[in-house]
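This is target.cif (mmCIF, C-alpha atoms and all ligand atoms).
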```cif
data_structure
loop_
_atom_site.label_atom_id
_atom_site.label_comp_id
_atom_site.auth_asym_id
_atom_site.auth_seq_id
_atom_site.Cartn_x
_atom_site.Cartn_y
_atom_site.Cartn_z
CA MET S 244 -2.58 1.80 22.83
CA ARG S 245 -0.83 4.96 21.62
CA ILE S 246 0.17 4.29 18.02
CA VAL S 247 2.43 6.26 15.66
CA VAL S 248 1.45 5.99 11.96
CA THR S 249 4.02 7.28 9.49
CA GLY S 250 2.47 8.24 6.17
CA GLY S 251 -0.83 8.63 8.01
CA ALA S 252 -2.12 11.27 5.57
CA GLY S 253 -1.84 8.93 2.60
CA PHE S 254 -4.47 6.68 1.02
CA LEU S 255 -3.85 3.62 3.19
CA GLY S 256 -2.34 5.46 6.15
CA SER S 257 -5.43 7.61 6.63
CA HIS S 258 -7.79 4.62 6.44
CA LEU S 259 -5.59 2.91 9.00
CA CYS S 260 -5.77 5.96 11.32
CA ASP S 261 -9.57 5.78 11.05
CA ARG S 262 -9.60 2.10 11.99
CA LEU S 263 -7.23 2.56 14.93
CA LEU S 264 -9.33 5.43 16.29
CA THR S 265 -12.49 3.32 15.89
CA GLU S 266 -10.80 0.58 17.93
CA GLY S 267 -10.23 3.11 20.73
CA HIS S 268 -6.50 3.72 20.29
CA ALA S 269 -4.73 7.10 20.34
CA VAL S 270 -2.99 7.94 17.05
CA VAL S 271 -0.02 10.17 16.30
CA CYS S 272 0.12 10.66 12.53
CA LEU S 273 3.38 11.73 10.87
CA ASP S 274 3.50 12.79 7.22
CA ASN S 275 5.63 15.18 5.16
CA LEU S 276 2.71 15.56 2.71
CA ILE S 277 4.70 14.96 -0.49
CA THR S 278 2.11 12.42 -1.59
CA GLY S 279 -0.20 12.49 1.47
CA ARG S 280 -2.97 15.07 1.91
CA THR S 281 -4.44 16.63 5.04
CA ALA S 282 -7.84 16.42 3.28
CA ASN S 283 -7.69 12.66 4.00
CA LEU S 284 -7.73 13.49 7.73
CA ALA S 285 -10.08 16.49 7.70
CA HIS S 286 -13.08 14.42 8.88
CA ILE S 287 -11.34 13.25 12.09
CA GLN S 288 -12.84 14.90 15.20
CA SER S 289 -11.22 12.74 17.89
CA ASP S 290 -9.10 14.29 20.65
CA ARG S 291 -7.13 11.02 20.57
CA PHE S 292 -5.67 12.09 17.20
CA THR S 293 -2.57 14.23 16.58
CA PHE S 294 -1.08 15.21 13.22
CA ILE S 295 2.58 16.22 12.96
CA GLN S 296 3.97 17.36 9.62
CA GLN S 297 7.34 15.66 9.62
CA ASP S 298 9.75 13.96 7.25
CA VAL S 299 10.47 10.54 8.76
CA THR S 300 13.84 10.36 7.02
CA ARG S 301 14.98 12.89 9.65
CA TYR S 302 15.44 12.08 13.33
CA LEU S 303 12.14 11.21 15.01
CA ASP S 304 11.37 12.42 18.50
CA ILE S 305 7.87 11.83 19.85
CA ASP S 306 6.90 12.96 23.35
CA GLY S 307 5.32 10.46 25.70
CA PRO S 308 4.76 6.73 25.56
CA VAL S 309 4.31 4.82 22.27
CA ASP S 310 3.02 1.25 22.06
CA PHE S 311 3.29 0.61 18.29
CA VAL S 312 4.97 2.29 15.32
CA LEU S 313 3.28 1.58 11.97
CA HIS S 314 5.62 2.60 9.14
CA PHE S 315 3.42 3.36 6.13
CA ALA S 316 5.23 6.40 4.70
CA SER S 317 6.31 6.01 1.06
CA PRO S 318 5.38 7.11 -2.40
CA ALA S 319 3.51 4.10 -3.81
CA SER S 320 2.86 4.81 -7.47
CA PRO S 321 5.25 4.08 -10.35
CA ILE S 322 5.07 7.68 -11.59
CA ASP S 323 5.94 8.89 -8.09
CA PHE S 324 9.00 6.59 -8.10
CA VAL S 325 10.16 8.48 -11.19
CA ARG S 326 9.21 11.87 -9.74
CA TYR S 327 10.65 11.24 -6.25
CA PRO S 328 13.32 8.55 -6.68
CA ILE S 329 15.59 9.70 -3.87
CA GLN S 330 12.74 10.38 -1.43
CA THR S 331 11.40 6.87 -2.20
CA LEU S 332 14.77 5.30 -1.43
CA LYS S 333 15.27 7.41 1.68
CA VAL S 334 11.88 6.77 3.26
CA GLY S 335 12.26 3.01 2.79
CA SER S 336 15.81 2.96 4.16
CA LEU S 337 16.54 5.93 6.48
CA GLY S 338 12.85 6.31 7.31
CA THR S 339 12.58 2.65 8.28
CA HIS S 340 15.74 2.94 10.38
CA ASN S 341 14.37 5.99 12.20
CA ALA S 342 10.97 4.36 12.75
CA LEU S 343 12.66 1.22 14.10
CA GLY S 344 14.82 3.41 16.34
CA LEU S 345 11.71 5.15 17.69
CA ALA S 346 10.06 1.78 18.40
CA LYS S 347 13.22 0.54 20.16
CA ALA S 348 13.57 3.70 22.26
CA LYS S 349 9.92 3.49 23.35
CA GLY S 350 9.84 -0.28 23.86
CA ALA S 351 7.09 -0.33 21.21
CA GLY S 352 6.06 -2.84 18.56
CA PHE S 353 6.96 -2.09 14.94
CA PHE S 354 4.89 -2.78 11.83
CA LEU S 355 6.38 -2.44 8.34
CA ALA S 356 4.24 -1.80 5.28
CA SER S 357 6.11 -3.79 2.67
CA THR S 358 4.91 -4.66 -0.79
CA SER S 359 4.39 -7.25 -3.50
CA GLU S 360 7.09 -5.26 -5.33
CA VAL S 361 9.67 -7.23 -3.32
CA TYR S 362 8.79 -10.05 -5.75
CA GLY S 363 9.67 -7.78 -8.71
CA ASP S 364 8.62 -9.22 -12.09
CA PRO S 365 7.83 -12.63 -10.58
CA LEU S 366 8.77 -15.91 -12.19
CA VAL S 367 6.32 -17.71 -9.89
CA ASN S 368 2.56 -17.11 -9.91
CA PRO S 369 0.83 -16.78 -7.47
CA GLN S 370 3.55 -15.45 -5.17
CA PRO S 371 3.97 -17.14 -1.76
CA GLU S 372 5.98 -15.42 1.00
CA THR S 373 8.75 -17.99 0.44
CA TYR S 374 9.46 -16.66 -3.10
CA TRP S 375 12.59 -14.45 -3.12
CA GLY S 376 11.66 -12.40 -6.15
CA ASN S 377 13.06 -11.16 -9.43
CA VAL S 378 13.99 -7.49 -9.05
CA ASN S 379 16.00 -5.20 -11.33
CA PRO S 380 17.93 -3.04 -8.82
CA VAL S 381 18.84 -0.34 -11.36
CA GLY S 382 15.48 -0.02 -13.17
CA ILE S 383 13.02 2.83 -12.60
CA ARG S 384 11.05 0.78 -10.03
CA GLY S 385 14.25 -0.34 -8.27
CA VAL S 386 14.15 2.68 -5.96
CA TYR S 387 10.95 1.34 -4.40
CA ASP S 388 11.61 -2.39 -4.65
CA GLU S 389 15.11 -2.24 -3.20
CA ALA S 390 14.17 0.24 -0.46
CA LYS S 391 11.36 -2.09 0.65
CA ARG S 392 13.64 -5.12 0.49
CA PHE S 393 16.17 -3.23 2.62
CA ALA S 394 13.33 -2.24 4.98
CA GLU S 395 12.36 -5.90 5.44
CA ALA S 396 15.99 -6.87 6.09
CA MET S 397 16.38 -4.02 8.59
CA THR S 398 13.15 -4.97 10.37
CA MET S 399 14.27 -8.60 10.75
CA ALA S 400 17.70 -7.42 11.96
CA TYR S 401 16.05 -5.32 14.71
CA HIS S 402 13.86 -8.27 15.57
CA ARG S 403 16.82 -10.65 15.81
CA ALA S 404 19.43 -8.33 17.32
CA HIS S 405 17.23 -6.20 19.61
CA ARG S 406 14.31 -8.61 20.14
CA LEU S 407 12.01 -5.90 18.76
CA ASN S 408 8.40 -7.05 18.42
CA THR S 409 8.00 -6.66 14.63
CA ARG S 410 5.49 -7.39 11.84
CA ILE S 411 5.90 -7.24 8.06
CA VAL S 412 2.93 -7.08 5.69
CA ARG S 413 3.43 -7.43 1.93
CA ILE S 414 0.66 -5.35 0.44
CA PHE S 415 -0.62 -6.20 -3.05
CA ASN S 416 -2.48 -3.76 -5.32
CA THR S 417 -5.10 -1.99 -3.23
CA TYR S 418 -7.68 0.59 -4.26
CA GLY S 419 -10.51 2.69 -2.92
CA PRO S 420 -11.55 6.18 -1.89
CA ARG S 421 -8.76 8.70 -1.12
CA MET S 422 -6.45 7.57 -3.91
CA ARG S 423 -5.27 10.68 -5.74
CA ALA S 424 -7.02 11.13 -9.08
CA ASN S 425 -3.71 11.80 -10.79
CA ASP S 426 -1.34 9.46 -8.93
CA GLY S 427 -0.87 7.45 -12.13
CA ARG S 428 -1.90 4.09 -10.74
CA VAL S 429 -4.24 2.10 -12.88
CA MET S 430 -7.39 2.33 -10.72
CA PRO S 431 -7.60 6.13 -10.37
CA ALA S 432 -6.29 6.55 -13.94
CA PHE S 433 -8.96 4.35 -15.56
CA ILE S 434 -11.83 5.53 -13.34
CA THR S 435 -11.14 9.23 -13.88
CA GLN S 436 -10.59 8.73 -17.61
CA ALA S 437 -13.89 6.84 -17.87
CA LEU S 438 -15.77 9.51 -15.90
CA ARG S 439 -14.36 12.25 -18.14
CA GLY S 440 -15.19 10.28 -21.28
CA GLU S 441 -11.52 10.16 -22.28
CA PRO S 442 -9.78 7.08 -23.69
CA LEU S 443 -8.48 4.62 -21.09
CA THR S 444 -4.69 4.37 -21.40
CA VAL S 445 -3.89 0.66 -21.37
CA PHE S 446 -0.12 0.15 -21.25
CA GLY S 447 1.16 -2.46 -23.71
CA GLU S 448 -1.37 -5.03 -24.87
CA GLY S 449 -2.97 -5.00 -21.42
CA GLN S 450 -2.29 -8.73 -20.98
CA GLN S 451 -0.28 -8.13 -17.78
CA THR S 452 -2.28 -9.18 -14.71
CA ARG S 453 -2.98 -7.66 -11.31
CA SER S 454 -5.22 -8.68 -8.39
CA PHE S 455 -7.02 -5.79 -6.71
CA CYS S 456 -7.96 -5.63 -3.03
CA TYR S 457 -10.49 -3.16 -1.64
CA TYR S 458 -8.94 -1.03 1.11
CA GLN S 459 -11.38 -2.22 3.82
CA ASP S 460 -10.28 -5.83 3.38
CA LEU S 461 -6.65 -4.74 3.47
CA VAL S 462 -7.06 -2.71 6.66
CA GLU S 463 -8.78 -5.67 8.31
CA GLY S 464 -5.85 -7.92 7.39
CA ILE S 465 -3.35 -5.37 8.67
CA TYR S 466 -5.18 -4.98 11.96
CA ARG S 467 -5.30 -8.75 12.47
CA LEU S 468 -1.59 -9.06 11.68
CA MET S 469 -0.79 -6.29 14.15
CA ARG S 470 -2.67 -8.20 16.87
CA SER S 471 -0.94 -11.50 15.98
CA ASP S 472 2.54 -12.61 17.00
CA GLU S 473 3.83 -13.37 13.48
CA HIS S 474 7.25 -11.87 12.72
CA ASP S 475 7.85 -13.23 9.23
CA PRO S 476 6.28 -11.46 6.21
CA VAL S 477 2.60 -12.06 5.42
CA ASN S 478 0.96 -11.35 2.03
CA ILE S 479 -2.28 -9.39 2.22
CA GLY S 480 -4.16 -8.90 -1.03
CA ASN S 481 -6.99 -10.23 -3.13
CA PRO S 482 -6.21 -13.34 -5.22
CA ASN S 483 -8.82 -12.40 -7.87
CA GLU S 484 -6.41 -11.99 -10.83
CA MET S 485 -7.34 -10.25 -14.08
CA THR S 486 -5.67 -8.61 -17.03
CA VAL S 487 -5.34 -4.83 -17.20
CA LEU S 488 -7.45 -4.92 -20.37
CA GLU S 489 -10.25 -6.74 -18.51
CA LEU S 490 -10.07 -4.11 -15.79
CA ALA S 491 -10.43 -1.33 -18.37
CA GLN S 492 -13.49 -3.02 -19.91
CA THR S 493 -15.06 -3.57 -16.47
CA ILE S 494 -14.60 0.10 -15.50
CA ILE S 495 -16.11 1.29 -18.80
CA ARG S 496 -19.12 -0.96 -18.17
CA LEU S 497 -19.63 0.05 -14.52
CA THR S 498 -19.30 3.79 -15.20
CA GLY S 499 -21.55 3.56 -18.27
CA SER S 500 -18.85 5.53 -20.08
CA THR S 501 -18.52 6.09 -23.81
CA SER S 502 -14.71 5.99 -23.47
CA THR S 503 -12.60 3.96 -25.84
CA ILE S 504 -9.32 2.17 -25.09
CA VAL S 505 -5.92 3.32 -26.38
CA HIS S 506 -2.65 1.43 -26.03
CA ASN S 507 0.41 3.30 -24.72
CA PRO S 508 3.94 1.91 -24.32
CA LEU S 509 4.51 -0.52 -21.47
CA PRO S 510 6.78 1.04 -18.79
CA GLN S 511 10.16 -0.56 -18.03
CA ASP S 512 10.07 -3.63 -15.75
CA ASP S 513 6.26 -3.61 -15.47
CA PRO S 514 5.50 -6.96 -13.78
CA LYS S 515 3.75 -9.33 -16.20
CA LEU S 516 1.85 -11.27 -13.54
CA ARG S 517 0.84 -10.54 -9.98
CA ARG S 518 -1.37 -12.52 -7.66
CA PRO S 519 -0.94 -13.10 -3.94
CA ASP S 520 -0.84 -16.55 -2.42
CA ILE S 521 -2.80 -15.79 0.76
CA SER S 522 -2.72 -19.29 2.29
CA LYS S 523 -0.60 -18.02 5.16
CA ALA S 524 -2.94 -15.11 6.00
CA ARG S 525 -5.90 -17.51 5.84
CA ARG S 526 -4.13 -19.97 8.15
CA ILE S 527 -2.64 -17.70 10.79
CA LEU S 528 -5.02 -14.71 10.73
CA GLY S 529 -8.25 -16.39 9.59
CA TRP S 530 -8.36 -13.58 7.04
CA GLU S 531 -9.51 -13.40 3.46
CA PRO S 532 -11.04 -10.64 1.36
CA THR S 533 -14.80 -10.24 1.39
CA VAL S 534 -15.45 -7.28 -0.94
CA SER S 535 -16.01 -8.21 -4.59
CA LEU S 536 -14.36 -6.21 -7.36
CA GLU S 537 -17.72 -4.86 -8.58
CA GLU S 538 -18.73 -3.70 -5.11
CA GLY S 539 -15.36 -2.06 -4.46
CA LEU S 540 -15.33 -0.44 -7.88
CA GLN S 541 -18.86 0.96 -7.42
CA LYS S 542 -17.79 2.63 -4.17
CA THR S 543 -14.56 3.94 -5.65
CA ILE S 544 -16.35 5.28 -8.73
CA ALA S 545 -18.86 7.01 -6.45
CA TYR S 546 -15.97 8.62 -4.56
CA PHE S 547 -14.39 10.03 -7.72
CA ARG S 548 -17.79 11.22 -9.00
CA GLU S 549 -18.22 13.13 -5.73
CA HIS S 550 -14.67 14.41 -5.23
CA GLY S 551 -13.82 15.21 -8.82
CA THR S 552 -11.51 13.66 -11.37
CA GLY S 553 -8.97 16.49 -11.69
N1 LIG Y 601 -1.45 0.67 -16.24
C1 LIG Y 601 -2.09 0.95 -17.43
N2 LIG Y 601 -2.52 2.22 -17.65
C2 LIG Y 601 -2.37 3.22 -16.75
C3 LIG Y 601 -1.72 2.94 -15.54
C4 LIG Y 601 -1.27 1.66 -15.32
O1 LIG Y 601 -2.26 0.06 -18.28
O2 LIG Y 601 -2.79 4.37 -17.05
C5 LIG Y 601 -0.99 -0.70 -16.00
C6 LIG Y 601 0.48 -0.80 -15.62
O3 LIG Y 601 1.27 -0.94 -16.77
C7 LIG Y 601 0.48 -2.06 -14.77
C8 LIG Y 601 -0.91 -2.08 -14.13
O4 LIG Y 601 -1.71 -1.20 -14.89
O5 LIG Y 601 0.63 -3.20 -15.58
C9 LIG Y 601 -0.91 -1.62 -12.68
O6 LIG Y 601 -0.23 -0.40 -12.63
P1 LIG Y 601 -0.14 0.49 -11.31
O7 LIG Y 601 0.61 1.71 -11.67
O8 LIG Y 601 -1.49 0.67 -10.73
O9 LIG Y 601 0.67 -0.35 -10.24
P2 LIG Y 601 1.73 -1.55 -10.27
O10 LIG Y 601 0.92 -2.75 -9.99
O11 LIG Y 601 2.39 -1.63 -11.63
O12 LIG Y 601 2.67 -1.20 -9.21
#
```

Mind converting the file's structure to structure tokens?
Ligand code: UDP
Amino acid sequence: MRIVVTGGAGFLGSHLCDRLLTEGHAVVCLDNLITGRTANLAHIQSDRFTFIQQDVTRYLDIDGPVDFVLHFASPASPIDFVRYPIQTLKVGSLGTHNALGLAKAKGAGFFLASTSEVYGDPLVNPQPETYWGNVNPVGIRGVYDEAKRFAEAMTMAYHRAHRLNTRIVRIFNTYGPRMRANDGRVMPAFITQALRGEPLTVFGEGQQTRSFCYYQDLVEGIYRLMRSDEHDPVNIGNPNEMTVLELAQTIIRLTGSTSTIVHNPLPQDDPKLRRPDISKARRILGWEPTVSLEEGLQKTIAYFREHGTG
């Protein structure tokens, strides 16, 4: 297949490009590089790969046939939502509309990278796909949550009105090599702080929970969903739930760091609990995560040791 990946220079997008190339597909990667980096693609040698620096919130015109459009472009870190609020809203809304339009024009399939953030600060734990969420539309995270909720609605509208062949994945916290050291998310923050011997900045008491999926498991789930015929949203994530404080202690132990822990204020609307219910992915994709937290952390720590923590 010839596959367009928006946001292909980002953390997940670039790993996805790698996987698609390994599977023998041709990949056209679009990215405006506000949070993506060409360094994430520098290792790619394949003549089946094309990079186009482009903002997907503007009209998309790709030469030649396209079989699938994978829409992965978006800032994905809470500090980026504050730094780029309008870009975050635009890429989830206008960008999704343009990517759907491209898929429709080419007769291609469409795959939306949605998020556990559609569940907001959930009142149900774990979160099944049938939960409608608890989102503050006007909070600092609302720019991401509402754009992704709009994106899901738009994707289903194209599916229903235009019979577009669509998929929606709801991605839970994912980590691994190629995250930016300073993107503000908890994994790169804690690992780089531990490697520098600085205090780990736990927000609030650190009793809020998250469930972390290694990127390889996530990419496998995404690839299986793409090959399936499921049009309704599917959660992909790791159900191994822990507190942020436990994560900090684990990272200090695995890095052998002398770092201490400090407590900073909890950001507005920070979800108190998050854990995917992955029964649906297990049932329809035969998928579940296989990489343990320790194994994934060891590899991610090795990456930041090698690539620097600045
Ligand atoms: N967090 C933290 N210290 C940091 C960064 C994040 O304690 O330096 C917490 C944050 O408050 C949240 C969790 O870690 O409860 C995960 O934050 P992240 O930004 O990675 O993503 P989120 O899951 O909130 O979208």

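The smallest atom-to-atom distance between Thr281 (chain S) and any of S:Ala252, S:Leu516, S:Val309, S:Val247, using only C-alpha atoms, is found for S:Ala252.
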
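Compared by their closest atoms to ligand LIG 601 (chain Y), and using all atoms listed in the file, the residues S:Gln511, S:Gln288, S:Ser502, S:Ser336 rank with S:Gln511 nearest.
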
Residues of chain S at most 8 Å from ligand LIG 601 (chain Y): nearest atom pair and distance in Å, only C-alpha atoms and all ligand atoms, as a tab-separated table:
```
residue	atom	partner	partner_atom	distance
S:Ala319	CA	Y:LIG601	O12	7.6
S:Ser320	CA	Y:LIG601	O7	5.7
S:Pro321	CA	Y:LIG601	O7	5.4
S:Ile322	CA	Y:LIG601	O7	7.5
S:Glu360	CA	Y:LIG601	O12	7.1
S:Phe415	CA	Y:LIG601	O10	7.9
S:Asn416	CA	Y:LIG601	O10	5.9
S:Gly427	CA	Y:LIG601	C3	5.7
S:Arg428	CA	Y:LIG601	O8	3.4
S:Val429	CA	Y:LIG601	C3	3.8
S:Met430	CA	Y:LIG601	O8	6.1
S:Ala432	CA	Y:LIG601	O2	5.2
S:Phe433	CA	Y:LIG601	O2	6.3
S:Leu443	CA	Y:LIG601	O2	7.0
S:Thr444	CA	Y:LIG601	O2	4.7
S:Val445	CA	Y:LIG601	O1	3.5
S:Phe446	CA	Y:LIG601	O1	3.7
S:Gly447	CA	Y:LIG601	O1	6.9
S:Gly449	CA	Y:LIG601	O1	6.0
S:Gln451	CA	Y:LIG601	O5	5.5
S:Thr452	CA	Y:LIG601	O5	6.7
S:Arg453	CA	Y:LIG601	O10	6.4
S:Val487	CA	Y:LIG601	O4	5.6
S:Leu488	CA	Y:LIG601	O1	7.5
S:His506	CA	Y:LIG601	O1	7.9
S:Asn507	CA	Y:LIG601	O1	7.7
S:Leu509	CA	Y:LIG601	O3	5.7
S:Pro510	CA	Y:LIG601	O3	6.2
S:Asp513	CA	Y:LIG601	O5	5.6
S:Pro514	CA	Y:LIG601	O5	6.4
S:Lys515	CA	Y:LIG601	O5	6.9
S:Arg517	CA	Y:LIG601	O10	7.8
```

Problem set entry | Minimum-distance residue to Pro508 (chain S), chosen among S:Ala524, S:Ile329, S:Glu448, S:Thr293 (using all atoms listed in the file) | S:Glu448

Exercise. Which value, in Å to one decimal, gives the distance between CA of Pro519 (chain S) and CA of Met485 (chain S)?
Worked result: 12.3 Å

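Closest approach to Ser357 (chain S) among S:Asp290, S:Asp475, S:Asp274, S:Asp520: S:Asp475, based on only C-alpha atoms.
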
For this session: Would you mind reading off the distance between CA of Arg410 (chain S) and CA of His474 (chain S), one decimal, in Å?
Result: 4.9 Å

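Closest to Gln459 (chain S) among S:Ala351, S:Val412, S:Leu255, S:Ile434 is S:Leu255, based on all atoms listed in the file.
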
Exercise. Can you list, as a PyMOL selection string, every protein, DNA or RNA residue that comes within 10 Å of region 375-389 of chain S when you count only C-alpha atoms, leaving out same-chain residues fewer than 4 positions away?
Worked result: chain S and resi 317-325+327-336+357-367+370-371+393-395+510-514
